[in-house]
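Here is the structure we will look at.
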Amino acid sequence: MFGAVTADDDDVNDGRFERTDKTKNVVVRVDDSSALTRCARALADGGVCAVPTDTIYGFAACAKSARGVNALYEIKGRAADVPLAIAVADAEDVGAYGECEHLAEGLLARLLPGPTTVLLRRRQSRATTGVAPELNPGVELIGVRVPASEFVRSLCRAHGGAIALTSANKSGETSTTAVEEFQELWSKCDVVIDGGRIPTARSGSTIVDLSSRDGDYRIVRVGERCDELERVLVDEFALQRRTPSK
């Protein structure tokens, strides 16, 4: 059922991938029995994996590994002061990394899993958060996702903690919805998981700031299903949209 995708596989000898010695054993089908194990091992070793989420492809690394976090910045060519989000397996895990005691019961479970990144005040104790100091140093808020991707959620469970997650493309370039679109970066990854083309608009997750204790929220980035998200926040949980002046 699972097996590494190599240049000898009939269904990948159709011109989709141009393999090199450095990349021919890197790409693995999402339904390959070795995919999850290979990714979890790479994360534990401070490596980088490319994974399909519910919105776009992403680069993932262990959130508590300085080596992994630094590798994400390097592969992206990203400025060091641009924060990274993290992903966890379940809505119940969010509180280990961000302060959510002020949120109404059931709110996070209503939003997650899904195409939403919630911004919360970052928990201060490293023993509690389990993230590397290199991950967004000095930044008060932390973005947390629970993607509606069974592979990513299973990877978080197999890894035993949060993964740092960012879009699988060079900084400033278009987000990707198929592994072929970031082929030039395969050689920088330990594993690339091919989950096929993701049928989305490439807008990524909606980023919503839920850190306020005043019963309001702020949309930081409009992404997938933003209108639906706001209906939930306003109609079901009576939150008010924060004005720019606040």
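All residue names refer to the structure tokens as shown: chains lettered A, B, ... in order, residues numbered from 1 in each chain, ligands numbered from 1 in order.
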DSSP says helix (DSSP H, G or I) for which residues of segment 131-196 of chain A? Put them as a PyMOL selection string? chain A and resi 150-159+179-188
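Around Arg41 of chain A, within 10 Å and counting only C-alpha atoms, the residues found are Leu36, Thr37, Asp45, Gly46, Gly47, Ala158, His159, Asp190 and Val191 of chain A, once anything fewer than 4 positions away on its own chain is removed.
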Using only N, CA and C atoms, please write the residues we just selected to a file, as an mmCIF file, in the first residue's frame.
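Okay, this is what ended up in again.cif:
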```cif
data_model
loop_
_atom_site.group_PDB
_atom_site.id
_atom_site.type_symbol
_atom_site.label_atom_id
_atom_site.label_comp_id
_atom_site.auth_asym_id
_atom_site.auth_seq_id
_atom_site.Cartn_x
_atom_site.Cartn_y
_atom_site.Cartn_z
ATOM 1 N N LEU A 36 4.386 8.385 6.984
ATOM 2 C CA LEU A 36 4.288 8.976 8.313
ATOM 3 C C LEU A 36 5.556 8.729 9.119
ATOM 4 N N THR A 37 6.063 7.518 9.068
ATOM 5 C CA THR A 37 7.274 7.179 9.814
ATOM 6 C C THR A 37 8.468 7.988 9.335
ATOM 7 N N ASP A 45 14.906 14.427 13.826
ATOM 8 C CA ASP A 45 16.309 14.690 13.525
ATOM 9 C C ASP A 45 16.570 16.151 13.170
ATOM 10 N N GLY A 46 15.555 17.002 13.299
ATOM 11 C CA GLY A 46 15.733 18.420 12.988
ATOM 12 C C GLY A 46 15.615 18.733 11.511
ATOM 13 N N GLY A 47 14.990 17.817 10.753
ATOM 14 C CA GLY A 47 14.843 18.008 9.314
ATOM 15 C C GLY A 47 13.562 18.716 8.938
ATOM 16 N N ALA A 158 2.257 11.430 15.848
ATOM 17 C CA ALA A 158 3.431 10.564 15.764
ATOM 18 C C ALA A 158 4.679 11.279 16.253
ATOM 19 N N HIS A 159 4.754 12.561 15.989
ATOM 20 C CA HIS A 159 5.902 13.370 16.420
ATOM 21 C C HIS A 159 5.866 13.630 17.919
ATOM 22 N N ASP A 190 13.896 16.670 3.591
ATOM 23 C CA ASP A 190 14.192 15.282 3.900
ATOM 24 C C ASP A 190 13.157 14.357 3.280
ATOM 25 N N VAL A 191 11.900 14.806 3.284
ATOM 26 C CA VAL A 191 10.799 14.040 2.700
ATOM 27 C C VAL A 191 9.816 15.025 2.089
#
```
To one decimal place, how far is atom CA of Ala96 of chain A from atom CA of Val192 of chain A in Å?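 Answer for the atom CA of Ala96 of chain A to atom CA of Val192 of chain A separation: 28.2 Å.
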Sel. of strand (DSSP E or B) residues, segment 120-239 of chain A, as an NGL selection string: :A and (120-122 or 141-145 or 163-167 or 191-194 or 205-209 or 216-221 or 224)
What is the atom CA of Val139 of chain A-atom CA of Val94 of chain A distance in Å, reported with one decimal?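 Value for the atom CA of Val139 of chain A-atom CA of Val94 of chain A distance: 17.2 Å.
Considering only C-alpha atoms, the residue among A:Val220, A:Arg29, A:Pro133, A:Ala178 positioned nearest to Gly68 of chain A is A:Pro133.
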Which residues, written as an MDAnalysis selection string, have at least one atom at most 12 Å from Phe237 of chain A, with only C-alpha atoms counted and residues fewer than 5 positions away on the same chain left out? chainID A and resid 103:108 110:111 215:217 229:232
Take the residues that were just selected and, keeping C-alpha atoms, output them as an mmCIF file, in the first residue's frame.
```cif
data_model
loop_
_atom_site.group_PDB
_atom_site.id
_atom_site.type_symbol
_atom_site.label_atom_id
_atom_site.label_comp_id
_atom_site.auth_asym_id
_atom_site.auth_seq_id
_atom_site.Cartn_x
_atom_site.Cartn_y
_atom_site.Cartn_z
ATOM 1 C CA LEU A 103 -12.411 31.984 25.139
ATOM 2 C CA ALA A 104 -15.937 30.643 25.370
ATOM 3 C CA GLU A 105 -16.252 26.928 25.909
ATOM 4 C CA GLY A 106 -16.449 25.118 22.613
ATOM 5 C CA LEU A 107 -15.179 27.994 20.475
ATOM 6 C CA LEU A 108 -11.897 26.395 19.416
ATOM 7 C CA ARG A 110 -16.078 24.820 16.582
ATOM 8 C CA LEU A 111 -13.315 26.373 14.472
ATOM 9 C CA GLY A 215 -15.024 39.928 23.563
ATOM 10 C CA ASP A 216 -13.739 40.865 20.136
ATOM 11 C CA TYR A 217 -11.582 39.489 17.342
ATOM 12 C CA LEU A 229 -15.464 31.831 10.297
ATOM 13 C CA GLU A 230 -16.867 35.274 11.037
ATOM 14 C CA ARG A 231 -20.429 33.983 11.076
ATOM 15 C CA VAL A 232 -19.425 31.474 13.740
#
```
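Atom CA of Arg202 of chain A is positioned 24.7 Å from atom CA of Arg241 of chain A.
Distances to Ala87 of chain A were evaluated for A:Arg218, A:Arg242, A:Arg38, A:Arg153 using only C-alpha atoms, and the minimum falls at A:Arg153.
Comparing the minimum interatomic distances between Ser154 of chain A and each of A:Arg213, A:Cys39, A:Ala91, A:Arg197, counting only C-alpha atoms, we find that A:Cys39 sits nearest.
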Excluding Thr55 of chain A and residues on its chain fewer than 4 positions from it, collect all residues at most 7 Å away from it, counting only C-alpha atoms, and give them as an MDAnalysis selection string. chainID A and resid 115 198 200 202 204:205
Save out the residues we just selected, C-alpha atoms, as a PDB file, in the first residue's frame.
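Writing done, so here's result_16.pdb:
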```
ATOM      1  CA  PRO A 115      -8.540  26.397   7.420  1.00  0.00           C
ATOM      2  CA  ILE A 198      -5.160  20.456  -3.348  1.00  0.00           C
ATOM      3  CA  THR A 200      -8.232  25.399  -3.163  1.00  0.00           C
ATOM      4  CA  ARG A 202      -4.158  29.199  -2.776  1.00  0.00           C
ATOM      5  CA  GLY A 204      -4.091  29.727   2.761  1.00  0.00           C
ATOM      6  CA  SER A 205      -5.749  29.718   6.145  1.00  0.00           C
TER       7      SER A 205
END
```
Best match for closeness to Ser211 of chain A among A:Ile142, A:Ala44, A:Ala80, A:Ala132, counting only C-alpha atoms: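 Nearest candidate to Ser211 of chain A out of A:Ile142, A:Ala44, A:Ala80, A:Ala132: A:Ile142.
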What's the 12 Å shell around Gly160 of chain A, counting only C-alpha atoms, without same-chain residues fewer than 2 positions away, as JSON, numbers by chain? {"A": [40, 41, 43, 44, 62, 63, 64, 87, 88, 89, 93, 130, 153, 154, 155, 156, 157, 158, 162, 163]}
Taking only C-alpha atoms into account, name the residue in A:Ala201, A:Cys189, A:Leu119, A:Val48 that is nearest to Val26 of chain A.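 With only C-alpha atoms as the atom set, the closest residue is A:Cys189.
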Mind checking which residues fall within 7 Å of Ser171 of chain A, counting only C-alpha atoms, ignoring those fewer than 2 positions away in the same chain, and posting them as a list in words?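 Listed by chain and then number, they are Lys76, Gly77, Arg78, Asn169 and Glu173 of chain A.
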